[in-house]
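Data file: data_39.pdb. Format and content: PDB, C-alpha atoms, pLDDT in the B column.
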ATOM      1  CA  MET A   2      32.499 -18.016  13.427  1.00 66.00           C
ATOM      2  CA  ALA A   3      29.700 -20.471  13.923  1.00 83.00           C
ATOM      3  CA  THR A   4      26.177 -19.274  13.250  1.00 84.00           C
ATOM      4  CA  THR A   5      22.966 -20.472  14.879  1.00 85.00           C
ATOM      5  CA  VAL A   6      19.616 -20.516  13.091  1.00 86.00           C
ATOM      6  CA  ILE A   7      17.117 -18.644  15.265  1.00 87.00           C
ATOM      7  CA  ARG A   8      14.061 -18.779  13.009  1.00 84.00           C
ATOM      8  CA  HIS A   9      13.165 -20.239   9.624  1.00 82.00           C
ATOM      9  CA  ASP A  10      10.333 -18.677   7.616  1.00 79.00           C
ATOM     10  CA  ALA A  11       9.366 -21.223   4.947  1.00 77.00           C
ATOM     11  CA  PHE A  12       6.827 -18.897   3.317  1.00 79.00           C
ATOM     12  CA  GLY A  13       9.220 -15.946   3.176  1.00 77.00           C
ATOM     13  CA  ARG A  14      12.088 -18.285   2.272  1.00 85.00           C
ATOM     14  CA  PHE A  15      14.649 -16.901   4.717  1.00 85.00           C
ATOM     15  CA  GLU A  16      16.312 -17.671   8.041  1.00 89.00           C
ATOM     16  CA  VAL A  17      17.276 -15.407  10.903  1.00 89.00           C
ATOM     17  CA  VAL A  18      20.737 -16.351  12.170  1.00 91.00           C
ATOM     18  CA  ARG A  19      23.062 -15.081  14.874  1.00 92.00           C
ATOM     19  CA  ARG A  20      26.671 -15.371  15.911  1.00 92.00           C
ATOM     20  CA  ALA A  21      28.269 -14.596  19.261  1.00 90.00           C
ATOM     21  CA  GLU A  22      30.922 -11.914  19.357  1.00 87.00           C
ATOM     22  CA  ASP A  23      33.258 -10.933  22.132  1.00 80.00           C
ATOM     23  CA  SER A  24      32.963  -7.185  22.289  1.00 76.00           C
ATOM     24  CA  LYS A  25      33.569  -4.327  24.651  1.00 78.00           C
ATOM     25  CA  GLY A  26      30.553  -2.502  23.179  1.00 84.00           C
ATOM     26  CA  THR A  27      26.993  -2.317  24.430  1.00 89.00           C
ATOM     27  CA  CYS A  28      23.621  -3.601  23.280  1.00 91.00           C
ATOM     28  CA  GLU A  29      22.168  -1.207  20.705  1.00 93.00           C
ATOM     29  CA  TRP A  30      18.686  -1.374  22.276  1.00 94.00           C
ATOM     30  CA  CYS A  31      19.060  -1.538  26.063  1.00 92.00           C
ATOM     31  CA  GLY A  32      22.676  -0.472  26.601  1.00 90.00           C
ATOM     32  CA  ASN A  33      23.616  -3.666  28.449  1.00 85.00           C
ATOM     33  CA  LYS A  34      27.386  -4.155  28.299  1.00 80.00           C
ATOM     34  CA  ARG A  35      27.128  -7.928  27.949  1.00 74.00           C
ATOM     35  CA  GLY A  36      24.276 -10.378  27.607  1.00 57.00           C
ATOM     36  CA  ASP A  37      23.436 -13.221  29.996  1.00 57.00           C
ATOM     37  CA  SER A  38      26.057 -15.413  28.320  1.00 61.00           C
ATOM     38  CA  GLY A  39      28.768 -12.766  28.676  1.00 70.00           C
ATOM     39  CA  ARG A  40      28.757 -11.978  24.951  1.00 83.00           C
ATOM     40  CA  LEU A  41      26.876  -9.830  22.493  1.00 91.00           C
ATOM     41  CA  PHE A  42      25.231 -11.192  19.361  1.00 93.00           C
ATOM     42  CA  ARG A  43      25.122 -10.056  15.753  1.00 94.00           C
ATOM     43  CA  TYR A  44      21.966 -11.067  13.886  1.00 94.00           C
ATOM     44  CA  GLY A  45      21.453 -11.507  10.171  1.00 92.00           C
ATOM     45  CA  HIS A  46      19.104 -12.761   7.461  1.00 89.00           C
ATOM     46  CA  GLN A  47      19.913 -15.459   4.940  1.00 89.00           C
ATOM     47  CA  ALA A  48      17.716 -16.243   1.955  1.00 88.00           C
ATOM     48  CA  ASP A  49      16.946 -19.877   1.149  1.00 80.00           C
ATOM     49  CA  GLY A  50      19.148 -21.201  -1.581  1.00 72.00           C
ATOM     50  CA  PHE A  51      22.490 -22.730  -2.193  1.00 70.00           C
ATOM     51  CA  CYS A  52      25.436 -20.634  -0.953  1.00 79.00           C
ATOM     52  CA  THR A  53      23.529 -17.408  -0.395  1.00 84.00           C
ATOM     53  CA  PRO A  54      25.398 -14.780   1.643  1.00 89.00           C
ATOM     54  CA  ILE A  55      24.236 -13.709   5.087  1.00 88.00           C
ATOM     55  CA  ASN A  56      23.198 -10.060   5.407  1.00 91.00           C
ATOM     56  CA  TRP A  57      24.526  -9.156   8.868  1.00 93.00           C
ATOM     57  CA  ASP A  58      23.043  -6.328  10.917  1.00 91.00           C
ATOM     58  CA  SER A  59      25.604  -3.657  11.764  1.00 92.00           C
ATOM     59  CA  HIS A  60      24.526  -3.513  15.444  1.00 93.00           C
ATOM     60  CA  LEU A  61      25.171  -5.841  18.394  1.00 93.00           C
ATOM     61  CA  PHE A  62      22.453  -6.993  20.795  1.00 93.00           C
ATOM     62  CA  CYS A  63      22.464  -8.819  24.144  1.00 89.00           C
ATOM     63  CA  SER A  64      19.382 -10.935  23.360  1.00 89.00           C
ATOM     64  CA  ARG A  65      16.868 -11.864  20.698  1.00 88.00           C
ATOM     65  CA  SER A  66      14.203  -9.750  22.412  1.00 92.00           C
ATOM     66  CA  CYS A  67      16.375  -6.616  22.140  1.00 93.00           C
ATOM     67  CA  PHE A  68      17.010  -7.381  18.461  1.00 92.00           C
ATOM     68  CA  SER A  69      13.269  -7.812  17.822  1.00 91.00           C
ATOM     69  CA  ALA A  70      12.337  -4.652  19.760  1.00 94.00           C
ATOM     70  CA  TYR A  71      14.920  -2.584  17.897  1.00 94.00           C
ATOM     71  CA  HIS A  72      13.563  -3.670  14.514  1.00 88.00           C
ATOM     72  CA  SER A  73       9.852  -3.408  15.326  1.00 87.00           C
TER      73      SER A  73
END
Could you spell out this file's structure in structure tokens?
Amino acid sequence: MATTVIRHDAFGRFEVVRRAEDSKGTCEWCGNKRGDSGRLFRYGHQADGFCTPINWDSHLFCSRSCFSAYHS
């Protein structure tokens, strides 16, 4: 699956990435069955460096704002 870089923190040396997933589940934060695009997203963190693995969150979210609210 293709990933999209959402945010790059040069000082912290990591990126926040997401990938779209077709799912019959709901958003972990708001309970929405599907986001505006018709899909839910899985977010993750990837450290700067060559070939570092992505640490994916175990929950699905409908938007970046729900992901941020859940983790704040």
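Nearest to A:Asp23 of all the residues A:Asn56, A:Ala11, A:Leu61, A:Asp49 is A:Leu61, based on only C-alpha atoms.
Atom pair atom CA of A:His46 / atom CA of A:Glu16 has a distance of 5.7 Å (rounded to one decimal).
Note that the spacing between atom CA of A:Arg43 and atom CA of A:Ser66 amounts to 12.8 Å.
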message: as number ranges by chain, please: the residues near A:Cys67 (cut-off 9 Å, all atoms listed in the file, same-chain neighbours under 5 positions excluded).
response: A: 28-31, 62, 72
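Distances to A:Phe12 were evaluated for A:Ala48, A:Gly26, A:Arg35, A:Leu41 using all atoms listed in the file, and the minimum falls at A:Ala48.
Using only C-alpha atoms, the shortest contact distance between A:Thr27 and any of A:Thr53, A:Gln47, A:Thr5, A:Ser64 is found at A:Ser64.
The two atoms in question, atom CA of A:Arg8 and atom CA of A:Lys25, are spaced 26.9 Å apart.
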message: Could you check the closest approach to A:Arg19 for each of A:Ser59, A:Asn33, A:Thr4, A:Ser73 and tell me which residue wins, using only C-alpha atoms?
response: A:Thr4
task: Go through A:Ile55, A:Cys63, A:Ala70, A:Val6 and flag the residue nearest A:Glu22, using all atoms listed in the file for the distances.
output: A:Cys63
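Distance check against A:Ser24 using only C-alpha atoms: of A:Gly50, A:Gly45, A:Asp10, A:His60, the minimum falls on A:His60.
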Could you rebuild stretch 61-72 of chain A with N, CA and C atoms and give it back as a PDB file, in the coordinates of the input?
ATOM      1  N   LEU A  61      25.074  -4.702  17.479  1.00 93.00           N
ATOM      2  CA  LEU A  61      25.171  -5.841  18.394  1.00 93.00           C
ATOM      3  C   LEU A  61      24.060  -5.753  19.427  1.00 93.00           C
ATOM      4  N   PHE A  62      23.550  -6.924  19.832  1.00 93.00           N
ATOM      5  CA  PHE A  62      22.453  -6.993  20.795  1.00 93.00           C
ATOM      6  C   PHE A  62      22.772  -8.037  21.854  1.00 93.00           C
ATOM      7  N   CYS A  63      22.216  -7.868  23.066  1.00 89.00           N
ATOM      8  CA  CYS A  63      22.464  -8.819  24.144  1.00 89.00           C
ATOM      9  C   CYS A  63      21.500  -9.997  24.101  1.00 89.00           C
ATOM     10  N   SER A  64      20.357  -9.854  23.413  1.00 89.00           N
ATOM     11  CA  SER A  64      19.382 -10.935  23.360  1.00 89.00           C
ATOM     12  C   SER A  64      18.514 -10.807  22.116  1.00 89.00           C
ATOM     13  N   ARG A  65      17.782 -11.873  21.843  1.00 88.00           N
ATOM     14  CA  ARG A  65      16.868 -11.864  20.698  1.00 88.00           C
ATOM     15  C   ARG A  65      15.738 -10.858  20.913  1.00 88.00           C
ATOM     16  N   SER A  66      15.287 -10.702  22.149  1.00 92.00           N
ATOM     17  CA  SER A  66      14.203  -9.750  22.412  1.00 92.00           C
ATOM     18  C   SER A  66      14.642  -8.312  22.149  1.00 92.00           C
ATOM     19  N   CYS A  67      15.877  -7.973  22.450  1.00 93.00           N
ATOM     20  CA  CYS A  67      16.375  -6.616  22.140  1.00 93.00           C
ATOM     21  C   CYS A  67      16.478  -6.430  20.625  1.00 93.00           C
ATOM     22  N   PHE A  68      16.934  -7.449  19.916  1.00 92.00           N
ATOM     23  CA  PHE A  68      17.010  -7.381  18.461  1.00 92.00           C
ATOM     24  C   PHE A  68      15.621  -7.178  17.859  1.00 92.00           C
ATOM     25  N   SER A  69      14.637  -7.922  18.336  1.00 91.00           N
ATOM     26  CA  SER A  69      13.269  -7.812  17.822  1.00 91.00           C
ATOM     27  C   SER A  69      12.657  -6.443  18.150  1.00 91.00           C
ATOM     28  N   ALA A  70      12.877  -5.955  19.369  1.00 94.00           N
ATOM     29  CA  ALA A  70      12.337  -4.652  19.760  1.00 94.00           C
ATOM     30  C   ALA A  70      12.951  -3.527  18.944  1.00 94.00           C
ATOM     31  N   TYR A  71      14.231  -3.615  18.671  1.00 94.00           N
ATOM     32  CA  TYR A  71      14.920  -2.584  17.897  1.00 94.00           C
ATOM     33  C   TYR A  71      14.362  -2.499  16.478  1.00 94.00           C
ATOM     34  N   HIS A  72      14.021  -3.636  15.900  1.00 88.00           N
ATOM     35  CA  HIS A  72      13.563  -3.670  14.514  1.00 88.00           C
ATOM     36  C   HIS A  72      12.041  -3.684  14.379  1.00 88.00           C
TER      37      HIS A  72
END
